[in-house]
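Student: So here's target-v4.txt (compact mmCIF, C-alpha atoms).
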# COMPACT_ATOMS: atom_id res chain seq x y z
CA MET S 1 -29.14 -66.89 -20.85
CA LYS S 2 -30.38 -63.65 -19.33
CA LEU S 3 -28.90 -64.20 -15.89
CA TYR S 4 -25.47 -65.42 -14.91
CA GLN S 5 -23.67 -65.91 -11.62
CA VAL S 6 -20.15 -64.90 -10.62
CA ASP S 7 -18.09 -64.81 -7.45
CA ALA S 8 -16.19 -61.55 -7.59
CA ILE S 9 -14.25 -58.98 -5.62
CA VAL S 10 -15.47 -55.39 -5.90
CA LEU S 11 -12.39 -53.47 -7.00
CA ARG S 12 -14.00 -50.12 -7.43
CA SER S 13 -17.40 -48.47 -7.25
CA VAL S 14 -18.26 -45.19 -8.89
CA GLU S 15 -21.36 -43.09 -8.10
CA CYS S 16 -23.44 -42.62 -11.19
CA GLY S 17 -26.46 -40.70 -10.02
CA LYS S 18 -29.87 -41.59 -8.53
CA GLY S 19 -28.27 -43.89 -5.98
CA ASP S 20 -26.77 -46.18 -8.64
CA LYS S 21 -23.17 -47.33 -8.69
CA LEU S 22 -20.99 -48.58 -11.46
CA LEU S 23 -18.99 -51.54 -10.16
CA LEU S 24 -15.71 -52.84 -11.48
CA LEU S 25 -15.59 -56.48 -10.43
CA PHE S 26 -12.80 -59.01 -10.67
CA SER S 27 -14.23 -62.48 -10.92
CA ARG S 28 -12.67 -65.90 -10.88
CA ARG S 29 -14.64 -67.15 -13.89
CA LEU S 30 -14.90 -64.10 -16.16
CA GLY S 31 -12.02 -61.85 -15.12
CA ARG S 32 -12.73 -58.15 -14.97
CA ILE S 33 -16.32 -57.10 -15.60
CA LYS S 34 -18.24 -53.85 -15.40
CA VAL S 35 -21.80 -53.87 -14.04
CA ILE S 36 -24.29 -51.38 -12.71
CA ALA S 37 -25.91 -51.79 -9.30
CA HIS S 38 -29.16 -49.86 -9.09
CA GLY S 39 -30.15 -47.97 -5.95
CA VAL S 40 -27.28 -49.26 -3.80
CA SER S 41 -26.47 -45.84 -2.31
CA LYS S 42 -29.88 -45.74 -0.66
CA PRO S 43 -30.13 -46.97 2.96
CA SER S 44 -33.07 -49.18 1.99
CA SER S 45 -31.03 -51.18 -0.53
CA ARG S 46 -30.57 -54.85 0.34
CA LYS S 47 -27.49 -55.06 -1.84
CA ARG S 48 -25.76 -51.99 -0.37
CA GLY S 49 -23.35 -53.79 1.96
CA PHE S 50 -22.28 -56.43 -0.54
CA VAL S 51 -21.22 -54.02 -3.28
CA GLN S 52 -18.79 -52.01 -1.15
CA PRO S 53 -15.21 -51.94 -2.46
CA PHE S 54 -12.99 -54.83 -1.28
CA THR S 55 -15.87 -57.19 -0.55
CA TYR S 56 -15.96 -60.67 -2.03
CA SER S 57 -19.53 -61.45 -3.00
CA LYS S 58 -21.63 -63.82 -5.03
CA PHE S 59 -23.43 -61.86 -7.76
CA LEU S 60 -26.42 -62.78 -9.87
CA ILE S 61 -26.11 -60.52 -12.89
CA ARG S 62 -28.70 -59.69 -15.51
CA ARG S 63 -27.48 -59.17 -19.04
CA GLY S 64 -28.33 -55.74 -20.41
CA ARG S 65 -28.14 -54.19 -23.84
CA GLU S 66 -25.40 -51.77 -22.90
CA LEU S 67 -24.45 -52.69 -19.37
CA ASP S 68 -25.19 -55.74 -17.24
CA SER S 69 -26.85 -55.05 -13.89
CA VAL S 70 -26.70 -56.66 -10.46
CA SER S 71 -29.89 -58.56 -9.81
CA GLN S 72 -28.96 -60.13 -6.47
CA CYS S 73 -25.85 -60.43 -4.35
CA GLU S 74 -24.68 -62.08 -1.18
CA GLY S 75 -21.44 -61.52 0.72
CA ILE S 76 -18.88 -64.33 0.86
CA ALA S 77 -16.15 -62.40 2.73
CA MET S 78 -16.55 -58.78 3.74
CA PHE S 79 -13.01 -58.19 5.10
CA PRO S 80 -14.18 -55.69 7.76
CA PHE S 81 -10.57 -55.14 8.97
CA LEU S 82 -9.76 -53.51 5.62
CA ARG S 83 -11.85 -50.54 6.70
CA GLN S 84 -10.52 -50.20 10.22
CA SER S 85 -7.41 -48.13 9.54
CA LEU S 86 -6.28 -45.66 6.92
CA ALA S 87 -3.29 -47.90 6.18
CA MET S 88 -5.51 -50.90 5.45
CA ILE S 89 -7.82 -48.82 3.26
CA SER S 90 -4.81 -47.44 1.37
CA TYR S 91 -3.18 -50.83 0.80
CA ALA S 92 -6.46 -52.44 -0.24
CA SER S 93 -7.06 -49.52 -2.63
CA TYR S 94 -3.61 -50.06 -4.07
CA LEU S 95 -4.19 -53.80 -4.60
CA ALA S 96 -7.46 -53.01 -6.35
CA GLU S 97 -6.01 -50.22 -8.49
CA LEU S 98 -3.02 -52.34 -9.50
CA THR S 99 -5.30 -55.24 -10.45
CA LEU S 100 -7.40 -52.88 -12.55
CA ALA S 101 -4.28 -51.53 -14.24
CA LEU S 102 -2.88 -54.98 -15.00
CA THR S 103 -6.05 -56.55 -16.41
CA LEU S 104 -8.34 -55.97 -19.35
CA GLU S 105 -12.11 -56.27 -19.33
CA GLY S 106 -13.25 -59.84 -19.94
CA GLU S 107 -9.74 -61.28 -19.61
CA LYS S 108 -9.82 -64.27 -17.27
CA ASN S 109 -6.90 -64.68 -14.87
CA GLU S 110 -7.74 -67.14 -12.12
CA PRO S 111 -4.28 -67.19 -10.48
CA LEU S 112 -4.40 -63.38 -10.18
CA PHE S 113 -7.90 -63.59 -8.71
CA GLN S 114 -6.67 -66.13 -6.16
CA LEU S 115 -3.67 -63.91 -5.40
CA ILE S 116 -5.66 -60.75 -4.68
CA LEU S 117 -8.22 -62.68 -2.65
CA GLU S 118 -5.52 -64.30 -0.52
CA THR S 119 -3.58 -61.03 -0.13
CA MET S 120 -6.69 -59.15 1.02
CA ARG S 121 -7.49 -61.94 3.47
CA LEU S 122 -3.94 -61.85 4.91
CA LEU S 123 -3.69 -58.06 5.20
CA GLU S 124 -5.16 -58.43 8.69
CA SER S 125 -1.92 -60.11 9.81
CA GLY S 126 -0.24 -56.69 9.90
CA GLU S 127 2.46 -57.40 7.29
CA ALA S 128 0.71 -55.20 4.76
CA GLU S 129 3.86 -53.79 3.21
CA ILE S 130 5.56 -57.14 2.55
CA LEU S 131 2.30 -58.68 1.31
CA THR S 132 1.87 -55.74 -1.06
CA ARG S 133 5.43 -56.01 -2.42
CA SER S 134 4.90 -59.73 -2.98
CA PHE S 135 1.55 -59.03 -4.64
CA GLU S 136 3.24 -56.54 -6.99
CA ILE S 137 5.94 -58.92 -8.21
CA LYS S 138 3.60 -61.92 -8.42
CA ALA S 139 0.81 -59.98 -10.17
CA VAL S 140 3.12 -58.46 -12.75
CA SER S 141 4.56 -61.95 -13.38
CA LEU S 142 1.08 -63.44 -13.80
CA VAL S 143 0.28 -61.01 -16.61
CA GLY S 144 3.48 -61.88 -18.42
CA TYR S 145 6.10 -59.41 -17.20
CA ARG S 146 8.02 -61.59 -14.75
CA PRO S 147 11.37 -59.94 -13.98
CA VAL S 148 14.46 -62.04 -14.67
CA LEU S 149 16.25 -62.59 -11.36
CA ASP S 150 18.45 -65.69 -11.85
CA ILE S 151 20.61 -64.65 -14.79
CA CYS S 152 21.51 -61.45 -16.59
CA ALA S 153 18.38 -60.30 -18.48
CA GLY S 154 20.66 -58.67 -21.07
CA CYS S 155 23.20 -61.35 -22.09
CA GLY S 156 21.78 -64.44 -20.41
CA GLN S 157 25.05 -65.14 -18.56
CA GLY S 158 25.33 -65.85 -14.86
CA LEU S 159 25.18 -62.93 -12.47
CA THR S 160 28.40 -61.14 -11.52
CA ARG S 161 29.37 -59.88 -8.09
CA ASP S 162 28.27 -56.32 -8.93
CA LEU S 163 24.63 -56.38 -9.97
CA PHE S 164 22.27 -53.93 -11.60
CA PHE S 165 18.51 -53.82 -12.08
CA SER S 166 16.75 -52.30 -15.05
CA ALA S 167 12.98 -52.12 -15.58
CA GLY S 168 13.40 -51.68 -19.34
CA GLY S 169 16.10 -54.38 -19.39
CA GLY S 170 13.64 -56.85 -17.84
CA GLY S 171 15.30 -57.56 -14.48
CA THR S 172 18.80 -58.09 -13.07
CA LEU S 173 21.81 -57.25 -15.23
CA CYS S 174 25.44 -58.24 -14.97
CA GLU S 175 28.09 -55.57 -14.53
CA VAL S 176 28.82 -55.25 -18.28
CA CYS S 177 25.14 -55.02 -19.34
CA GLY S 178 24.26 -52.83 -16.35
CA LEU S 179 26.93 -50.24 -17.16
CA GLY S 180 25.62 -50.09 -20.72
CA ASP S 181 22.00 -49.52 -19.65
CA GLN S 182 21.29 -45.90 -18.71
CA GLN S 183 18.20 -46.81 -16.68
CA ALA S 184 19.96 -49.52 -14.68
CA PHE S 185 20.84 -48.92 -11.06
CA PRO S 186 23.08 -50.99 -8.78
CA ILE S 187 21.52 -53.45 -6.33
CA ASN S 188 23.03 -56.05 -4.07
CA LYS S 189 22.52 -59.79 -4.00
CA GLY S 190 20.52 -59.61 -0.78
CA VAL S 191 17.86 -57.50 -2.49
CA VAL S 192 17.72 -59.97 -5.40
CA GLY S 193 17.35 -62.83 -2.91
CA THR S 194 14.48 -61.01 -1.19
CA LEU S 195 12.80 -60.34 -4.54
CA LYS S 196 13.02 -64.07 -5.35
CA ALA S 197 11.49 -64.90 -1.99
CA LEU S 198 8.68 -62.39 -2.55
CA LEU S 199 8.04 -63.98 -5.92
CA ASN S 200 8.23 -67.62 -4.86
CA LEU S 201 6.97 -67.82 -1.28
CA PRO S 202 3.22 -68.37 -0.92
CA GLN S 203 1.44 -65.34 0.58
CA ASP S 204 0.63 -67.19 3.80
CA ARG S 205 4.33 -67.91 4.41
CA LEU S 206 5.58 -64.35 3.86
CA HIS S 207 5.48 -63.66 7.60
CA GLN S 208 8.59 -65.86 7.84
CA LEU S 209 10.52 -63.40 5.70
CA LYS S 210 12.59 -60.88 7.63
CA VAL S 211 13.34 -57.79 5.56
CA SER S 212 15.39 -54.87 6.89
CA PRO S 213 14.02 -51.32 6.55
CA ALA S 214 16.82 -50.49 4.06
CA TYR S 215 15.90 -53.46 1.84
CA ARG S 216 12.20 -52.58 2.12
CA ARG S 217 12.92 -49.07 0.82
CA GLN S 218 15.06 -50.38 -2.07
CA ILE S 219 12.51 -52.99 -3.07
CA ARG S 220 9.69 -50.46 -2.93
CA THR S 221 11.55 -48.10 -5.26
CA LEU S 222 12.67 -50.89 -7.57
CA LEU S 223 9.22 -52.47 -7.96
CA SER S 224 7.55 -49.09 -8.33
CA ARG S 225 9.91 -48.27 -11.24
CA TYR S 226 9.34 -51.70 -12.73
CA LEU S 227 5.55 -51.33 -12.58
CA LYS S 228 5.66 -47.79 -13.93
CA TYR S 229 7.71 -48.98 -16.89
CA TYR S 230 5.09 -51.56 -17.89
CA LEU S 231 1.97 -49.63 -16.90
CA GLU S 232 3.34 -46.38 -18.37
CA ARG S 233 1.79 -44.40 -15.52
CA ASP S 234 1.86 -43.92 -11.78
CA LEU S 235 -0.91 -45.34 -9.64
CA LYS S 236 -2.76 -42.78 -7.54
CA SER S 237 -3.04 -44.98 -4.47
CA ALA S 238 0.71 -45.74 -4.59
CA ALA S 239 1.43 -42.01 -4.49
CA PHE S 240 -1.06 -41.70 -1.62
CA ILE S 241 0.73 -44.43 0.35
CA ASP S 242 4.12 -42.84 -0.33
CA GLN S 243 2.93 -39.42 0.73
CA PHE S 244 1.10 -40.44 3.86
CA ILE S 245 2.93 -43.61 4.84
CA GLU S 246 4.35 -42.17 8.05
CA ASP S 247 0.96 -40.81 9.07
CA ILE S 248 -0.62 -44.07 8.03
CA TRP S 249 1.63 -46.32 10.10
CA SER S 250 1.04 -44.17 13.13
CA HIS S 251 -2.67 -44.99 12.82
CA VAL S 252 -2.34 -48.77 12.42
CA MET U 1 -27.83 -32.90 -39.52
CA ASN U 2 -29.39 -29.98 -37.60
CA TYR U 3 -32.96 -30.63 -36.54
CA TYR U 4 -33.32 -27.47 -34.47
CA THR U 5 -32.67 -23.79 -34.94
CA LYS U 6 -29.34 -22.62 -33.58
CA THR U 7 -30.87 -21.13 -30.40
CA VAL U 8 -32.90 -24.22 -29.54
CA ALA U 9 -29.93 -26.47 -30.21
CA ARG U 10 -27.85 -24.33 -27.85
CA LEU U 11 -30.52 -24.54 -25.13
CA ILE U 12 -30.70 -28.35 -25.45
CA ASP U 13 -26.92 -28.56 -25.39
CA GLN U 14 -26.75 -26.47 -22.20
CA PHE U 15 -29.37 -28.62 -20.45
CA SER U 16 -27.65 -31.84 -21.46
CA ARG U 17 -24.45 -30.69 -19.71
CA LEU U 18 -26.23 -30.84 -16.34
CA PRO U 19 -25.74 -33.97 -14.19
CA GLY U 20 -28.39 -36.64 -14.67
CA ILE U 21 -29.84 -35.02 -17.78
CA GLY U 22 -29.51 -36.96 -21.02
CA PRO U 23 -30.27 -35.70 -24.53
CA LYS U 24 -33.95 -36.73 -24.40
CA THR U 25 -34.60 -34.98 -21.07
CA ALA U 26 -32.68 -31.92 -22.29
CA GLN U 27 -34.89 -31.81 -25.36
CA ARG U 28 -38.07 -32.16 -23.26
CA LEU U 29 -37.01 -29.34 -20.89
CA ALA U 30 -36.08 -27.05 -23.76
CA PHE U 31 -39.41 -27.59 -25.55
CA TYR U 32 -41.31 -27.10 -22.30
CA LEU U 33 -39.65 -23.70 -21.80
CA LEU U 34 -40.39 -22.71 -25.38
CA VAL U 35 -44.12 -23.25 -24.99
CA ALA U 36 -44.49 -22.20 -21.31
CA PRO U 37 -45.43 -18.59 -20.48
CA PRO U 38 -42.39 -16.29 -21.00
CA GLU U 39 -42.08 -15.53 -17.27
CA VAL U 40 -41.32 -19.23 -16.52
CA ALA U 41 -38.13 -19.06 -18.58
CA ALA U 42 -37.30 -15.56 -17.31
CA ASN U 43 -37.75 -16.59 -13.66
CA LEU U 44 -35.61 -19.69 -14.16
CA ALA U 45 -32.86 -17.72 -15.89
CA ASN U 46 -32.92 -15.05 -13.16
CA ALA U 47 -32.88 -17.64 -10.37
CA ILE U 48 -29.88 -19.42 -11.88
CA ALA U 49 -27.96 -16.19 -12.55
CA GLU U 50 -28.73 -14.78 -9.09
CA ALA U 51 -27.81 -17.99 -7.27
CA ARG U 52 -24.56 -18.29 -9.17
CA THR U 53 -23.50 -14.69 -8.48
CA THR U 54 -24.62 -14.32 -4.86
CA VAL U 55 -24.09 -17.77 -3.36
CA ARG U 56 -20.62 -18.51 -2.03
CA TYR U 57 -19.01 -20.61 0.68
CA CYS U 58 -19.43 -19.66 4.34
CA GLN U 59 -16.11 -18.38 5.65
CA VAL U 60 -16.48 -20.45 8.80
CA CYS U 61 -17.97 -23.80 7.86
CA GLY U 62 -17.87 -23.99 4.06
CA ASN U 63 -21.66 -24.31 3.66
CA PHE U 64 -23.40 -22.35 0.90
CA THR U 65 -24.38 -18.83 1.91
CA GLU U 66 -25.21 -15.45 0.46
CA GLY U 67 -23.30 -13.47 3.08
CA ASP U 68 -19.93 -14.09 4.73
CA ARG U 69 -21.46 -16.53 7.21
CA CYS U 70 -24.21 -19.06 6.66
CA PHE U 71 -27.48 -18.96 8.63
CA ILE U 72 -26.26 -21.74 10.93
CA CYS U 73 -22.95 -20.11 11.85
CA SER U 74 -24.76 -16.77 12.42
CA ASP U 75 -27.39 -18.33 14.70
CA GLY U 76 -26.42 -17.39 18.26
CA ARG U 77 -28.75 -20.04 19.72
CA ARG U 78 -26.71 -22.91 18.36
CA SER U 79 -24.21 -24.70 20.52
CA THR U 80 -20.64 -23.73 19.59
CA ASP U 81 -18.89 -26.54 21.46
CA ILE U 82 -19.96 -29.29 19.09
CA ILE U 83 -19.11 -29.47 15.39
CA CYS U 84 -20.47 -32.00 12.93
CA VAL U 85 -18.11 -32.68 10.02
CA VAL U 86 -19.84 -33.56 6.74
CA GLU U 87 -18.70 -34.30 3.19
CA ARG U 88 -20.94 -31.95 1.22
CA PRO U 89 -23.27 -28.99 1.86
CA ARG U 90 -26.29 -31.16 1.04
CA ASP U 91 -25.41 -33.43 3.98
CA ILE U 92 -26.15 -30.45 6.24
CA VAL U 93 -29.69 -30.40 4.84
CA ALA U 94 -30.09 -34.11 5.69
CA MET U 95 -28.78 -33.55 9.23
CA GLU U 96 -30.97 -30.46 9.77
CA LYS U 97 -34.07 -32.39 8.74
CA THR U 98 -33.55 -34.66 11.76
CA LYS U 99 -34.04 -31.60 14.03
CA GLY U 100 -31.86 -33.47 16.49
CA PHE U 101 -28.63 -31.52 16.15
CA ARG U 102 -28.19 -27.98 17.44
CA GLY U 103 -24.44 -27.56 17.03
CA LEU U 104 -22.36 -26.19 14.14
CA TYR U 105 -21.11 -27.84 10.96
CA HIS U 106 -17.94 -28.08 8.95
CA VAL U 107 -18.07 -29.06 5.29
CA LEU U 108 -15.01 -30.85 3.90
CA HIS U 109 -16.09 -30.60 0.24
CA GLY U 110 -14.96 -34.11 -0.54
CA VAL U 111 -13.45 -37.22 1.01
CA ILE U 112 -10.02 -38.82 1.11
CA SER U 113 -9.79 -41.34 -1.71
CA PRO U 114 -6.46 -43.15 -2.24
CA MET U 115 -7.70 -44.60 -5.54
CA GLU U 116 -8.79 -41.21 -6.89
CA GLY U 117 -5.61 -39.58 -5.59
CA VAL U 118 -7.58 -37.25 -3.29
CA GLY U 119 -5.49 -36.50 -0.24
CA PRO U 120 -6.21 -34.45 2.90
CA GLY U 121 -4.64 -31.38 1.27
CA GLN U 122 -7.50 -31.16 -1.20
CA LEU U 123 -10.15 -30.98 1.52
CA ARG U 124 -11.04 -28.24 4.01
CA ILE U 125 -9.13 -29.98 6.80
CA LYS U 126 -6.70 -27.12 7.48
CA GLU U 127 -9.69 -24.82 7.95
CA LEU U 128 -11.18 -27.27 10.45
CA MET U 129 -7.95 -27.49 12.42
CA ARG U 130 -7.67 -23.68 12.47
CA ARG U 131 -11.24 -23.54 13.72
CA LEU U 132 -10.38 -25.84 16.60
CA GLU U 133 -7.40 -23.74 17.73
CA GLY U 134 -8.44 -21.91 20.85
CA ALA U 135 -12.14 -22.53 20.25
CA PRO U 136 -14.21 -24.05 23.08
CA VAL U 137 -15.03 -27.18 21.10
CA LYS U 138 -15.77 -30.24 23.22
CA GLU U 139 -16.90 -32.70 20.56
CA ILE U 140 -16.41 -33.36 16.86
CA ILE U 141 -18.96 -35.63 15.18
CA LEU U 142 -17.55 -37.26 12.06
CA ALA U 143 -20.59 -37.60 9.81
CA THR U 144 -18.85 -38.71 6.64
CA ASN U 145 -20.63 -41.47 4.71
CA PRO U 146 -20.10 -45.07 5.88
CA SER U 147 -18.22 -45.82 2.65
CA VAL U 148 -14.55 -46.74 2.19
CA GLU U 149 -13.70 -43.10 1.43
CA GLY U 150 -15.86 -41.80 4.28
CA ASP U 151 -14.17 -44.21 6.69
CA ALA U 152 -10.70 -43.21 5.42
CA THR U 153 -11.52 -39.53 6.00
CA ALA U 154 -12.95 -40.19 9.46
CA LEU U 155 -9.90 -42.24 10.48
CA TYR U 156 -7.53 -39.53 9.23
CA LEU U 157 -9.44 -36.77 11.08
CA ALA U 158 -9.63 -38.82 14.26
CA GLY U 159 -5.83 -39.20 14.13
CA LEU U 160 -5.45 -35.41 13.85
CA ILE U 161 -8.05 -34.36 16.40
CA ASN U 162 -7.62 -36.96 19.17
CA PRO U 163 -4.32 -35.44 20.42
CA LEU U 164 -6.17 -32.11 20.96
CA GLU U 165 -8.17 -33.79 23.73
CA ILE U 166 -11.44 -33.11 21.97
CA ARG U 167 -14.02 -35.91 22.02
CA VAL U 168 -14.22 -37.41 18.52
CA THR U 169 -17.32 -39.43 17.65
CA ARG U 170 -18.57 -41.09 14.50
CA LEU U 171 -22.20 -41.44 13.46
CA ALA U 172 -23.52 -44.86 14.47
CA HIS U 173 -23.55 -47.62 11.87
CA GLY U 174 -26.33 -50.14 11.87
CA LEU U 175 -29.61 -51.27 10.47
CA PRO U 176 -31.72 -48.70 8.64
CA VAL U 177 -35.31 -48.15 9.79
CA GLY U 178 -37.60 -50.71 8.16
CA ALA U 179 -34.78 -53.07 7.17
CA ASP U 180 -34.93 -56.87 7.41
CA LEU U 181 -32.22 -58.60 9.46
CA GLU U 182 -32.19 -61.37 6.88
CA TYR U 183 -30.82 -59.01 4.23
CA ALA U 184 -28.25 -57.23 6.39
CA ASP U 185 -24.61 -57.71 5.48
CA GLN U 186 -22.05 -58.90 8.03
CA ILE U 187 -20.38 -55.50 8.51
CA THR U 188 -23.66 -53.66 9.12
CA LEU U 189 -24.90 -56.35 11.46
CA SER U 190 -21.66 -56.49 13.45
CA LYS U 191 -21.65 -52.66 13.73
CA ALA U 192 -25.28 -52.80 14.88
CA LEU U 193 -24.32 -55.39 17.50
CA GLU U 194 -21.39 -53.26 18.69
CA GLY U 195 -23.65 -50.23 19.03
CA ARG U 196 -26.59 -52.01 20.68
CA ARG U 197 -28.40 -50.09 23.40
CA VAL U 198 -30.27 -50.97 26.55
CA ILE U 199 -34.03 -50.86 26.09
CA LYS U 200 -36.16 -49.72 29.05
Using the file provided, produce a representation of the structure as structure tokens.
Tutor:
Amino acid sequence: MKLYQVDAIVLRSVECGKGDKLLLLFSRRLGRIKVIAHGVSKPSSRKRGFVQPFTYSKFLIRRGRELDSVSQCEGIAMFPFLRQSLAMISYASYLAELTLALTLEGEKNEPLFQLILETMRLLESGEAEILTRSFEIKAVSLVGYRPVLDICAGCGQGLTRDLFFSAGGGGTLCEVCGLGDQQAFPINKGVVGTLKALLNLPQDRLHQLKVSPAYRRQIRTLLSRYLKYYLERDLKSAAFIDQFIEDIWSHV
Amino acid sequence: MNYYTKTVARLIDQFSRLPGIGPKTAQRLAFYLLVAPPEVAANLANAIAEARTTVRYCQVCGNFTEGDRCFICSDGRRSTDIICVVERPRDIVAMEKTKGFRGLYHVLHGVISPMEGVGPGQLRIKELMRRLEGAPVKEIILATNPSVEGDATALYLAGLINPLEIRVTRLAHGLPVGADLEYADQITLSKALEGRRVIK
């Protein structure tokens, strides 16, 4: 069939001359796909609004020899609030960049699609940081790197009073395993409990979770190390958020 | 396998490095120059070399210029209390074609992009803020593109400039001339509704 239809979120769009844009889409049915949208930088384009990053649109795509192209599209959810503050733009960029980093082209992952869609929808609630932390731990779990939080990831025994966390070790470690792992760093049970809640609570119930600023900082560092270990690189938008977070929150 | 002499191959290679020019177009341009009168190639070469050596950034606004200041910054008839901030020098050309703006410009040479790792430090924002110190500027028009990156840049600049008690405005968003309402997306249409004007 020459044409096919997908519902997808635009994760990224890259200018590629003559008003065309290369779109990286994340679709429910086909996972991550790369398509070209012709002439969408021009004001006269009918598709222009629906191919903006962070929009959820219905695409009719024409198969091409090298690259498929957008034939028609219609917006399902435009998430206008994601463009109303620098903080929202930064967090949405981070969600998109992390999804791109965790997925491969053509690899279907419907739960991850549902997760990013729901997280983007809920970002308006104002709990962007908690939603993002929860997205991180859930997304990394959905691609197969779920951190062990109930037992010691090293020896499989129950957790001791003094706990450690190691990205390379795969999660929480008991005192004996933690002391033997050079990358491990101490954490307290409260942080582990919060991580479990971030992993298990549905996104729309995260507003019930009360997390102290100290825990937020620890969890941010811990998850950032965990993601870096598996992705083997830093994400640009994460660095942007870290660098400008104080500025950003003053603009929300 | 080499199909061309070394010089022709080099010419094609140089053309194909330019944006938007693929190997076929590069080949067509190279062969055109080889058969065109010699002065065509000489004039092109001179124009490129001269532009590259004499054109630099305006010390005030960052536009392209041959002197220290561009023709807009040197024009005494232009209003100095209003500055239009644009992403690239070619946006100035688009704005000038409207003939509706008689103020000055400031070129950022890029936009904030969290995903590309482009932060405010990589743009000419410090230069803009220095320009505003002590200058009689009453209004800043943020004319960055209505894209995610353009919005991010505009929001960041608004946060910096608003405390200086200078009026900060953004170019209106809405329906382009000749567009059909039926094909407008929700964001464009809602922006057009927000910015609706009384008709007399």
Student: Residues of chain U within 6 Å of chain S, using all atoms listed in the file, as a list in words?
Tutor: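 Those within range of chain S come out as Pro114, Met115, Gly117, Ala152, Tyr183 and Asp185 of chain U.
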Student: Considering only C-alpha atoms, can you say which of U:Cys70, U:Ala154, U:Leu160, U:Ala135 comes closest to Gly110 of chain U?
Tutor: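 Of all the options, U:Ala154 lies closest to Gly110 of chain U.
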Student: Taking all atoms listed in the file into account, name the residue in S:Val143, S:Leu149, S:Ile130, S:Ala101 that is nearest to Ile219 of chain S.
Tutor: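 Checking each candidate against Ile219 of chain S, we get S:Ile130 as the closest.
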Student: Which neighbours of Met129 of chain U fall inside 12 Å, counting only C-alpha atoms, when residues of the same chain fewer than 2 positions from it are skipped, and could you give them as a list in words?
Tutor: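 In the requested format, the answer is Val60, Cys61, Ile83, Val85, His106, Leu108, Pro120, Leu123, Arg124, Ile125, Lys126, Glu127, Arg131, Leu132, Glu133, Gly134, Ala135, Val137, Ile140, Leu157, Ala158, Leu160, Ile161, Asn162, Pro163, Leu164 and Ile166 of chain U.
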Student: If I take atom CA of Pro89 of chain U and atom CA of Gly103 of chain U, how far is one from the other in Å, to one decimal?
Tutor: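 A separation of 15.3 Å between them.
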Student: Can you work out the spacing between atom CA of Glu39 of chain U and atom CA of Tyr57 of chain U in Å, to one decimal?
Tutor: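 Atom CA of Tyr57 of chain U lies 29.7 Å from atom CA of Glu39 of chain U.
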Student: Could you tell me how far atom CA of Pro111 of chain S sits from atom CA of Ile187 of chain S, in Å to one decimal place?
Tutor: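 Going from atom CA of Ile187 of chain S over to atom CA of Pro111 of chain S covers 29.5 Å.
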Student: Using only C-alpha atoms, which residue out of S:Ile137, S:Val35, S:Leu117, S:Ala128 lies closest to Arg65 of chain S?
Tutor: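 Ranked by minimum distance to Arg65 of chain S, first place goes to S:Val35.
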Student: Padding 4 Å on every side, please: axis-aligned box over the listed atoms of segment 169-182 of chain U, centre and edge lengths to one decimal in Å, as AutoDock Vina command-line options.
Tutor:
--center_x -27.5 --center_y -50.4 --center_z 12.3 --size_x 28.3 --size_y 29.9 --size_z 18.8
Student: Near Leu175 of chain U, within 9 Å and counting only C-alpha atoms, which residues show up once chain neighbours fewer than 3 positions away are dropped, as a list in words?
Tutor: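 Contacts, in chain order: Pro43 of chain S; Gly178, Ala179, Asp180, Leu181, Ala184, Thr188, Leu189, Lys191 and Ala192 of chain U.
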